[in-house]
Amino acid sequence: MIFQKYATIGLWVAAVAVVVPIFVVNPAAGVVAAFAAVAVIAVRSALWLAVCSAAWSLVFLAVITVPGPYDSPAGRAVIPVLGVFVGCFLAAWYAGRWLAGRGRPAAGEPPKAPPLWWVQPAGQDRNAAPAIVDAGRSARPTLRWPSDRRLTGFLLVVLAIAIIGGALKFHGAVPPLFADNPDVARAELGLRSNIVVGLLAEAWTLGMAISLLRVLNGRSEARWRYLLLVVVFTFGAALGASKNSVLVGIVPALVAALSTRRESGGMSVRHRQIAAVIVILVGLGVVGGAVYLGGQRTLAGTGTFEDQFRAQYGGNPISTSVGSLDLSLSSSVETFGRLWEHREEYDPAWGRYSLTFTGSVGERLLGPVDLYRITGGLSQPFYMNTATFVAVPLMDFGPVGAGVALALTGLIVGFTERRLSEVPSPAHHIGRAFLIYYATFGVYEFYPVIQPFWLSLVPGIVAFYLVSNPSRLALPAWPKLVMPTWKR
């Protein structure tokens, strides 16, 4: 423990010694190096915070290295400013984790008074011995899944809800996945959609995440049944021809799978490591396929941006995939750079942008606002509407208020995800994985305040928890009233 403490301090000192000179010479490159250093140092104590920091480092690296048709000086210039906001969020995330774990022993923490000599019994897995597990890292729990009968019944109900939502959404129209122009078809569906249809569509996401997590970390019995459900839910989510609709169900399941142990009945350490590598490779394959399909869709599209994209990258599948990845990573930062340059033109809305998810109800009560109209106008002749998760608090509270709002958000994220990680329930870890996903999705936008998806996702996770723990459904018994007997 003492060695690890001083080793961590040494890493921070070395990181500062490397990052500061780079920042003095090139501020944008210094920010990239700073977030990469945070990712390396925090990977043992806070894995998913480190992943989020690495994602921001990759985003900033894409802005300053890969040329694209949407690049502008504003994007590179805003990187140090954006780095300060993201630093507030990540620091608060770490503080939230610390507050959640304060006074609570980590899973696998050594006993207070360990024996003087440790004698390991023959055949015992050293990694499972509670007295020798590294206390600096929380042990991954083994999830307690409900019976296959209850879980299958729950997933079938979720599937029925998803099919009803799909029927209402695509009634009389060709799904964008099979349309000649998916972008136009998706825009037409968006015009006639409503909040009820959108909330029902989240059933595809929830069913996909639960089924995939059961395949990856559950028992071997009935695994093919859940794999079939994964295919069905993935196909339903893909009907909208949006890669984000598919990734939002797959990535949280991978996050939860990597955060927990698989019910393997005595799987060795080596086999667990191989399984973790396979999960990571599957995730990278899914992301790579989405990037490739995104590049091909842009090549097939029509418009000013698509014309410049084809002129710059041609028809080479490798170059178009790189261009699609660069566009996905850097476009939100580029848009935020334009927004930051024009921030003085907009008065603070004092929370109205943070209530965008309320839709027409919020417009009637608080007045209309449209962040996408502002960002889309600033990005002309292209329509790039996302501007990272800093855009909403910036428009609501100004620069200082945005920093405070992001710090409070980070505290909530860190505290909640640490507490959820301590419960060996699939519902808790699915909820934690979605929280981590949308915290990292901040590289694009503050999605939970833009879209009301959580109005159906949260009740669905709660219902999954109740199904997994049927005792919670039982009503408490009323206490019996006993009349006192007096001794004569």
# chains A, B, ... in the order shown; residues from 1 in each chain; ligands from 1
call {"tool": "select_by_dssp", "arguments": {"residues": "stretch 325-426 of chain A", "states": "alpha helix (DSSP H)", "output": "NGL selection string"}}
result
:A and (325-341 or 359-366 or 371-378 or 391-421 or 426)
call {"tool": "residues_around", "arguments": {"residues": "A:Gly249", "least_positions_apart": "2", "cutoff": "12 Å", "atoms": "only C-alpha atoms", "output": "PDB file with N, CA and C atoms, in the first residue's frame"}}
result
ATOM      1  N   ALA A 201     -39.530   3.163 -27.852  1.00  0.00           N
ATOM      2  CA  ALA A 201     -38.390   2.672 -28.624  1.00  0.00           C
ATOM      3  C   ALA A 201     -37.194   2.327 -27.747  1.00  0.00           C
ATOM      4  N   GLU A 202     -37.138   2.878 -26.522  1.00  0.00           N
ATOM      5  CA  GLU A 202     -36.036   2.555 -25.622  1.00  0.00           C
ATOM      6  C   GLU A 202     -36.076   1.094 -25.171  1.00  0.00           C
ATOM      7  N   ALA A 203     -37.192   0.419 -25.418  1.00  0.00           N
ATOM      8  CA  ALA A 203     -37.273  -0.995 -25.067  1.00  0.00           C
ATOM      9  C   ALA A 203     -36.266  -1.817 -25.869  1.00  0.00           C
ATOM     10  N   TRP A 204     -35.997  -1.429 -27.114  1.00  0.00           N
ATOM     11  CA  TRP A 204     -34.967  -2.116 -27.899  1.00  0.00           C
ATOM     12  C   TRP A 204     -33.616  -2.017 -27.190  1.00  0.00           C
ATOM     13  N   THR A 205     -33.294  -0.823 -26.701  1.00  0.00           N
ATOM     14  CA  THR A 205     -32.010  -0.594 -26.038  1.00  0.00           C
ATOM     15  C   THR A 205     -31.899  -1.415 -24.765  1.00  0.00           C
ATOM     16  N   LEU A 206     -32.922  -1.345 -23.912  1.00  0.00           N
ATOM     17  CA  LEU A 206     -32.880  -2.058 -22.640  1.00  0.00           C
ATOM     18  C   LEU A 206     -32.797  -3.566 -22.845  1.00  0.00           C
ATOM     19  N   GLY A 207     -33.612  -4.098 -23.745  1.00  0.00           N
ATOM     20  CA  GLY A 207     -33.578  -5.542 -23.998  1.00  0.00           C
ATOM     21  C   GLY A 207     -32.248  -6.000 -24.559  1.00  0.00           C
ATOM     22  N   MET A 208     -31.672  -5.198 -25.458  1.00  0.00           N
ATOM     23  CA  MET A 208     -30.378  -5.548 -26.025  1.00  0.00           C
ATOM     24  C   MET A 208     -29.295  -5.593 -24.957  1.00  0.00           C
ATOM     25  N   ALA A 209     -29.266  -4.586 -24.075  1.00  0.00           N
ATOM     26  CA  ALA A 209     -28.233  -4.511 -23.041  1.00  0.00           C
ATOM     27  C   ALA A 209     -28.345  -5.669 -22.057  1.00  0.00           C
ATOM     28  N   ILE A 210     -29.554  -5.961 -21.587  1.00  0.00           N
ATOM     29  CA  ILE A 210     -29.732  -7.040 -20.606  1.00  0.00           C
ATOM     30  C   ILE A 210     -29.402  -8.395 -21.234  1.00  0.00           C
ATOM     31  N   SER A 211     -29.875  -8.654 -22.441  1.00  0.00           N
ATOM     32  CA  SER A 211     -29.622  -9.939 -23.092  1.00  0.00           C
ATOM     33  C   SER A 211     -28.129 -10.142 -23.338  1.00  0.00           C
ATOM     34  N   LEU A 212     -27.452  -9.092 -23.812  1.00  0.00           N
ATOM     35  CA  LEU A 212     -26.026  -9.225 -24.098  1.00  0.00           C
ATOM     36  C   LEU A 212     -25.219  -9.427 -22.824  1.00  0.00           C
ATOM     37  N   LEU A 213     -25.584  -8.726 -21.754  1.00  0.00           N
ATOM     38  CA  LEU A 213     -24.875  -8.921 -20.487  1.00  0.00           C
ATOM     39  C   LEU A 213     -25.094 -10.342 -19.964  1.00  0.00           C
ATOM     40  N   VAL A 230     -30.529 -11.182 -28.304  1.00  0.00           N
ATOM     41  CA  VAL A 230     -29.613 -10.082 -28.646  1.00  0.00           C
ATOM     42  C   VAL A 230     -29.749  -9.725 -30.120  1.00  0.00           C
ATOM     43  N   VAL A 231     -29.786 -10.739 -30.987  1.00  0.00           N
ATOM     44  CA  VAL A 231     -29.916 -10.498 -32.431  1.00  0.00           C
ATOM     45  C   VAL A 231     -31.237  -9.796 -32.738  1.00  0.00           C
ATOM     46  N   PHE A 233     -33.213  -7.925 -30.694  1.00  0.00           N
ATOM     47  CA  PHE A 233     -33.222  -6.552 -30.190  1.00  0.00           C
ATOM     48  C   PHE A 233     -32.294  -5.651 -31.008  1.00  0.00           C
ATOM     49  N   THR A 234     -31.146  -6.174 -31.426  1.00  0.00           N
ATOM     50  CA  THR A 234     -30.214  -5.378 -32.235  1.00  0.00           C
ATOM     51  C   THR A 234     -30.826  -5.037 -33.585  1.00  0.00           C
ATOM     52  N   PHE A 235     -31.502  -5.998 -34.196  1.00  0.00           N
ATOM     53  CA  PHE A 235     -32.154  -5.729 -35.480  1.00  0.00           C
ATOM     54  C   PHE A 235     -33.233  -4.662 -35.322  1.00  0.00           C
ATOM     55  N   GLY A 236     -34.013  -4.754 -34.270  1.00  0.00           N
ATOM     56  CA  GLY A 236     -35.051  -3.745 -34.058  1.00  0.00           C
ATOM     57  C   GLY A 236     -34.471  -2.372 -33.836  1.00  0.00           C
ATOM     58  N   ALA A 237     -33.363  -2.281 -33.070  1.00  0.00           N
ATOM     59  CA  ALA A 237     -32.737  -0.978 -32.847  1.00  0.00           C
ATOM     60  C   ALA A 237     -32.120  -0.419 -34.119  1.00  0.00           C
ATOM     61  N   ALA A 238     -31.665  -1.315 -35.015  1.00  0.00           N
ATOM     62  CA  ALA A 238     -31.013  -0.872 -36.247  1.00  0.00           C
ATOM     63  C   ALA A 238     -32.000  -0.433 -37.322  1.00  0.00           C
ATOM     64  N   LYS A 243     -26.356   4.371 -36.094  1.00  0.00           N
ATOM     65  CA  LYS A 243     -25.393   3.536 -35.379  1.00  0.00           C
ATOM     66  C   LYS A 243     -25.432   3.807 -33.879  1.00  0.00           C
ATOM     67  N   ASN A 244     -25.800   5.025 -33.486  1.00  0.00           N
ATOM     68  CA  ASN A 244     -25.888   5.322 -32.056  1.00  0.00           C
ATOM     69  C   ASN A 244     -26.984   4.512 -31.376  1.00  0.00           C
ATOM     70  N   SER A 245     -28.068   4.230 -32.097  1.00  0.00           N
ATOM     71  CA  SER A 245     -29.157   3.438 -31.523  1.00  0.00           C
ATOM     72  C   SER A 245     -28.721   2.015 -31.225  1.00  0.00           C
ATOM     73  N   VAL A 246     -27.728   1.530 -31.962  1.00  0.00           N
ATOM     74  CA  VAL A 246     -27.196   0.192 -31.715  1.00  0.00           C
ATOM     75  C   VAL A 246     -26.116   0.222 -30.642  1.00  0.00           C
ATOM     76  N   LEU A 247     -25.227   1.206 -30.744  1.00  0.00           N
ATOM     77  CA  LEU A 247     -24.122   1.288 -29.786  1.00  0.00           C
ATOM     78  C   LEU A 247     -24.613   1.528 -28.371  1.00  0.00           C
ATOM     79  N   VAL A 251     -22.650  -1.013 -25.970  1.00  0.00           N
ATOM     80  CA  VAL A 251     -21.533  -0.516 -25.162  1.00  0.00           C
ATOM     81  C   VAL A 251     -21.812  -0.632 -23.661  1.00  0.00           C
ATOM     82  N   PRO A 252     -22.997  -0.217 -23.142  1.00  0.00           N
ATOM     83  CA  PRO A 252     -23.229  -0.409 -21.705  1.00  0.00           C
ATOM     84  C   PRO A 252     -23.139  -1.873 -21.267  1.00  0.00           C
ATOM     85  N   ALA A 253     -23.588  -2.792 -22.106  1.00  0.00           N
ATOM     86  CA  ALA A 253     -23.468  -4.212 -21.751  1.00  0.00           C
ATOM     87  C   ALA A 253     -22.006  -4.622 -21.652  1.00  0.00           C
ATOM     88  N   LEU A 254     -21.166  -4.121 -22.549  1.00  0.00           N
ATOM     89  CA  LEU A 254     -19.737  -4.417 -22.479  1.00  0.00           C
ATOM     90  C   LEU A 254     -19.104  -3.790 -21.241  1.00  0.00           C
ATOM     91  N   VAL A 255     -19.530  -2.578 -20.898  1.00  0.00           N
ATOM     92  CA  VAL A 255     -19.016  -1.922 -19.690  1.00  0.00           C
ATOM     93  C   VAL A 255     -19.366  -2.742 -18.454  1.00  0.00           C
ATOM     94  N   ALA A 256     -20.622  -3.177 -18.362  1.00  0.00           N
ATOM     95  CA  ALA A 256     -21.040  -3.987 -17.215  1.00  0.00           C
ATOM     96  C   ALA A 256     -20.335  -5.334 -17.199  1.00  0.00           C
ATOM     97  N   GLY A 283     -16.211  -5.524 -28.775  1.00  0.00           N
ATOM     98  CA  GLY A 283     -16.597  -4.116 -28.715  1.00  0.00           C
ATOM     99  C   GLY A 283     -15.886  -3.279 -29.769  1.00  0.00           C
ATOM    100  N   VAL A 286     -17.403  -3.963 -33.163  1.00  0.00           N
ATOM    101  CA  VAL A 286     -18.689  -3.280 -33.350  1.00  0.00           C
ATOM    102  C   VAL A 286     -18.471  -1.807 -33.671  1.00  0.00           C
ATOM    103  N   ILE A 430     -26.296  -2.638 -14.825  1.00  0.00           N
ATOM    104  CA  ILE A 430     -26.798  -2.090 -16.089  1.00  0.00           C
ATOM    105  C   ILE A 430     -27.024  -0.585 -15.947  1.00  0.00           C
ATOM    106  N   GLY A 431     -27.639  -0.169 -14.828  1.00  0.00           N
ATOM    107  CA  GLY A 431     -27.827   1.258 -14.598  1.00  0.00           C
ATOM    108  C   GLY A 431     -26.514   2.003 -14.511  1.00  0.00           C
ATOM    109  N   ALA A 433     -23.696   1.122 -15.900  1.00  0.00           N
ATOM    110  CA  ALA A 433     -23.085   1.142 -17.231  1.00  0.00           C
ATOM    111  C   ALA A 433     -23.697   2.227 -18.111  1.00  0.00           C
ATOM    112  N   PHE A 434     -25.021   2.399 -18.047  1.00  0.00           N
ATOM    113  CA  PHE A 434     -25.652   3.473 -18.809  1.00  0.00           C
ATOM    114  C   PHE A 434     -25.179   4.840 -18.305  1.00  0.00           C
ATOM    115  N   TYR A 437     -21.772   5.360 -19.696  1.00  0.00           N
ATOM    116  CA  TYR A 437     -21.852   5.593 -21.146  1.00  0.00           C
ATOM    117  C   TYR A 437     -22.233   7.035 -21.451  1.00  0.00           C
ATOM    118  N   TYR A 438     -23.264   7.538 -20.787  1.00  0.00           N
ATOM    119  CA  TYR A 438     -23.715   8.892 -21.095  1.00  0.00           C
ATOM    120  C   TYR A 438     -22.771   9.947 -20.520  1.00  0.00           C
ATOM    121  N   LEU A 457     -36.151   4.485 -19.616  1.00  0.00           N
ATOM    122  CA  LEU A 457     -35.035   3.599 -19.308  1.00  0.00           C
ATOM    123  C   LEU A 457     -34.941   3.333 -17.804  1.00  0.00           C
TER     124      LEU A 457
END
call {"tool": "residues_around", "arguments": {"residues": "stretch 329-331 of chain A", "least_positions_apart": "5", "cutoff": "12 Å", "atoms": "only C-alpha atoms", "output": "PyMOL selection string"}}
result
chain A and resi 55-72+74-76+78-79+291+322-324+336-338+375-376+379+382-388+441-445
call {"tool": "closest_residue", "arguments": {"among": "A:Tyr353, A:Tyr226, A:Phe35, A:Phe415", "to": "A:Trp98", "atoms": "only C-alpha atoms"}}
result
A:Phe415
call {"tool": "residues_around", "arguments": {"residues": "A:Gly153", "least_positions_apart": "3", "cutoff": "12 Å", "atoms": "only C-alpha atoms", "output": "PDB file with C-alpha atoms, in the first residue's frame"}}
result
ATOM      1  CA  PRO A 146     -32.772 -14.280 -11.645  1.00  0.00           C
ATOM      2  CA  SER A 147     -34.016 -17.640 -12.823  1.00  0.00           C
ATOM      3  CA  ASP A 148     -34.100 -18.169 -16.584  1.00  0.00           C
ATOM      4  CA  ARG A 149     -37.887 -18.410 -16.466  1.00  0.00           C
ATOM      5  CA  ARG A 150     -38.315 -14.966 -14.880  1.00  0.00           C
ATOM      6  CA  LEU A 156     -40.366 -11.133 -23.830  1.00  0.00           C
ATOM      7  CA  VAL A 157     -42.486  -8.398 -22.244  1.00  0.00           C
ATOM      8  CA  VAL A 158     -39.808  -5.841 -23.151  1.00  0.00           C
ATOM      9  CA  LEU A 159     -39.763  -7.226 -26.705  1.00  0.00           C
ATOM     10  CA  ALA A 160     -43.544  -6.891 -26.977  1.00  0.00           C
ATOM     11  CA  GLY A 207     -33.578  -5.542 -23.998  1.00  0.00           C
ATOM     12  CA  TYR A 226     -30.327 -14.954 -24.933  1.00  0.00           C
ATOM     13  CA  LEU A 229     -32.723 -12.241 -28.197  1.00  0.00           C
ATOM     14  CA  PHE A 464     -35.780  -5.452 -14.028  1.00  0.00           C
ATOM     15  CA  VAL A 467     -38.161  -9.050 -11.350  1.00  0.00           C
ATOM     16  CA  SER A 468     -34.682 -10.100 -10.236  1.00  0.00           C
TER      17      SER A 468
END
call {"tool": "atom_distance", "arguments": {"atom1": "atom CA of A:Asp370", "atom2": "atom CA of A:Asp396"}}
result
12.1 Å
call {"tool": "closest_residue", "arguments": {"among": "A:Val84, A:Ala187, A:Leu355, A:Ala179", "to": "A:Val449", "atoms": "only C-alpha atoms"}}
result
A:Leu355
call {"tool": "residues_around", "arguments": {"residues": "A:Glu417", "least_positions_apart": "3", "cutoff": "12 Å", "atoms": "only C-alpha atoms", "output": "tab-separated table (two decimals) with C-alpha atoms, in the first residue's frame"}}
result
chain	number	residue	atom	x	y	z
A	46	ALA	CA	-11.02	4.39	-11.41
A	47	LEU	CA	-11.14	2.48	-14.69
A	48	TRP	CA	-14.11	4.13	-16.34
A	49	LEU	CA	-13.05	7.63	-15.33
A	93	TRP	CA	-16.16	12.55	-10.68
A	94	TYR	CA	-13.12	11.32	-8.74
A	96	GLY	CA	-17.66	11.75	-5.88
A	97	ARG	CA	-16.15	8.27	-5.93
A	98	TRP	CA	-14.05	9.15	-2.90
A	99	LEU	CA	-17.07	10.45	-1.00
A	100	ALA	CA	-19.06	7.31	-1.84
A	101	GLY	CA	-16.29	5.05	-0.59
A	256	ALA	CA	-21.04	-3.99	-17.22
A	259	SER	CA	-16.90	-4.57	-14.43
A	410	GLY	CA	-19.33	15.01	-11.91
A	411	LEU	CA	-19.97	14.62	-8.17
A	412	ILE	CA	-23.33	12.98	-8.86
A	413	VAL	CA	-21.85	10.66	-11.50
A	414	GLY	CA	-18.91	9.60	-9.33
A	420	LEU	CA	-24.05	1.07	-7.75
A	421	SER	CA	-20.85	-0.92	-8.30
A	422	GLU	CA	-21.03	-2.33	-4.76
A	423	VAL	CA	-24.30	-4.24	-5.34
A	428	HIS	CA	-27.59	-2.02	-10.61
A	429	HIS	CA	-24.70	-2.71	-12.98
A	430	ILE	CA	-26.80	-2.09	-16.09
A	431	GLY	CA	-27.83	1.26	-14.60
A	432	ARG	CA	-24.22	2.05	-13.71
A	433	ALA	CA	-23.09	1.14	-17.23
A	434	PHE	CA	-25.65	3.47	-18.81
A	435	LEU	CA	-24.53	6.24	-16.43
A	436	ILE	CA	-20.88	5.73	-17.48
A	437	TYR	CA	-21.85	5.59	-21.15
A	438	TYR	CA	-23.71	8.89	-21.10
A	439	ALA	CA	-20.99	10.53	-18.98
call {"tool": "atom_distance", "arguments": {"atom1": "atom CA of A:Ala349", "atom2": "atom CA of A:Phe453"}}
result
23.0 Å
call {"tool": "decode", "arguments": {"residues": "stretch 306-357 of chain A", "atoms": "C-alpha atoms", "output": "CSV table (one decimal), in the first residue's frame"}}
result
chain,number,residue,atom,x,y,z
A,306,GLU,CA,-21.0,15.1,-48.5
A,307,ASP,CA,-19.6,16.6,-51.7
A,308,GLN,CA,-16.5,17.9,-49.8
A,309,PHE,CA,-16.1,14.6,-48.0
A,310,ARG,CA,-16.0,12.7,-51.3
A,311,ALA,CA,-13.6,15.3,-52.8
A,312,GLN,CA,-11.2,14.9,-49.9
A,313,TYR,CA,-11.3,11.2,-49.2
A,314,GLY,CA,-12.5,9.7,-52.5
A,315,GLY,CA,-13.8,6.1,-52.6
A,316,ASN,CA,-11.0,4.5,-50.6
A,317,PRO,CA,-12.7,2.5,-47.8
A,318,ILE,CA,-9.7,3.1,-45.5
A,319,SER,CA,-9.5,6.8,-46.0
A,320,THR,CA,-13.3,7.2,-45.8
A,321,SER,CA,-13.3,5.2,-42.5
A,322,VAL,CA,-10.6,7.5,-41.1
A,323,GLY,CA,-12.5,10.5,-42.2
A,324,SER,CA,-15.7,9.2,-40.7
A,325,LEU,CA,-13.9,8.5,-37.4
A,326,ASP,CA,-12.4,12.0,-37.4
A,327,LEU,CA,-15.8,13.5,-38.1
A,328,SER,CA,-17.4,11.6,-35.3
A,329,LEU,CA,-14.6,12.6,-32.8
A,330,SER,CA,-13.9,16.2,-33.7
A,331,SER,CA,-17.2,17.7,-35.0
A,332,SER,CA,-18.6,18.5,-31.6
A,333,VAL,CA,-15.4,20.3,-30.5
A,334,GLU,CA,-15.3,22.2,-33.7
A,335,THR,CA,-18.9,23.3,-33.2
A,336,PHE,CA,-18.3,24.3,-29.6
A,337,GLY,CA,-15.4,26.4,-30.8
A,338,ARG,CA,-17.8,28.4,-33.0
A,339,LEU,CA,-20.2,28.7,-30.1
A,340,TRP,CA,-17.5,29.9,-27.7
A,341,GLU,CA,-16.5,32.6,-30.1
A,342,HIS,CA,-20.1,33.9,-30.2
A,343,ARG,CA,-21.1,33.3,-26.6
A,344,GLU,CA,-21.4,37.0,-25.8
A,345,GLU,CA,-24.3,37.2,-28.3
A,346,TYR,CA,-26.6,35.1,-26.1
A,347,ASP,CA,-28.0,36.0,-22.7
A,348,PRO,CA,-28.0,33.2,-20.0
A,349,ALA,CA,-31.2,31.2,-20.1
A,350,TRP,CA,-30.9,30.2,-16.4
A,351,GLY,CA,-31.8,26.5,-16.8
A,352,ARG,CA,-34.1,26.6,-19.8
A,353,TYR,CA,-31.7,24.7,-22.0
A,354,SER,CA,-31.2,22.1,-19.3
A,355,LEU,CA,-35.0,21.4,-19.6
A,356,THR,CA,-35.0,20.8,-23.3
A,357,PHE,CA,-36.1,17.2,-22.7
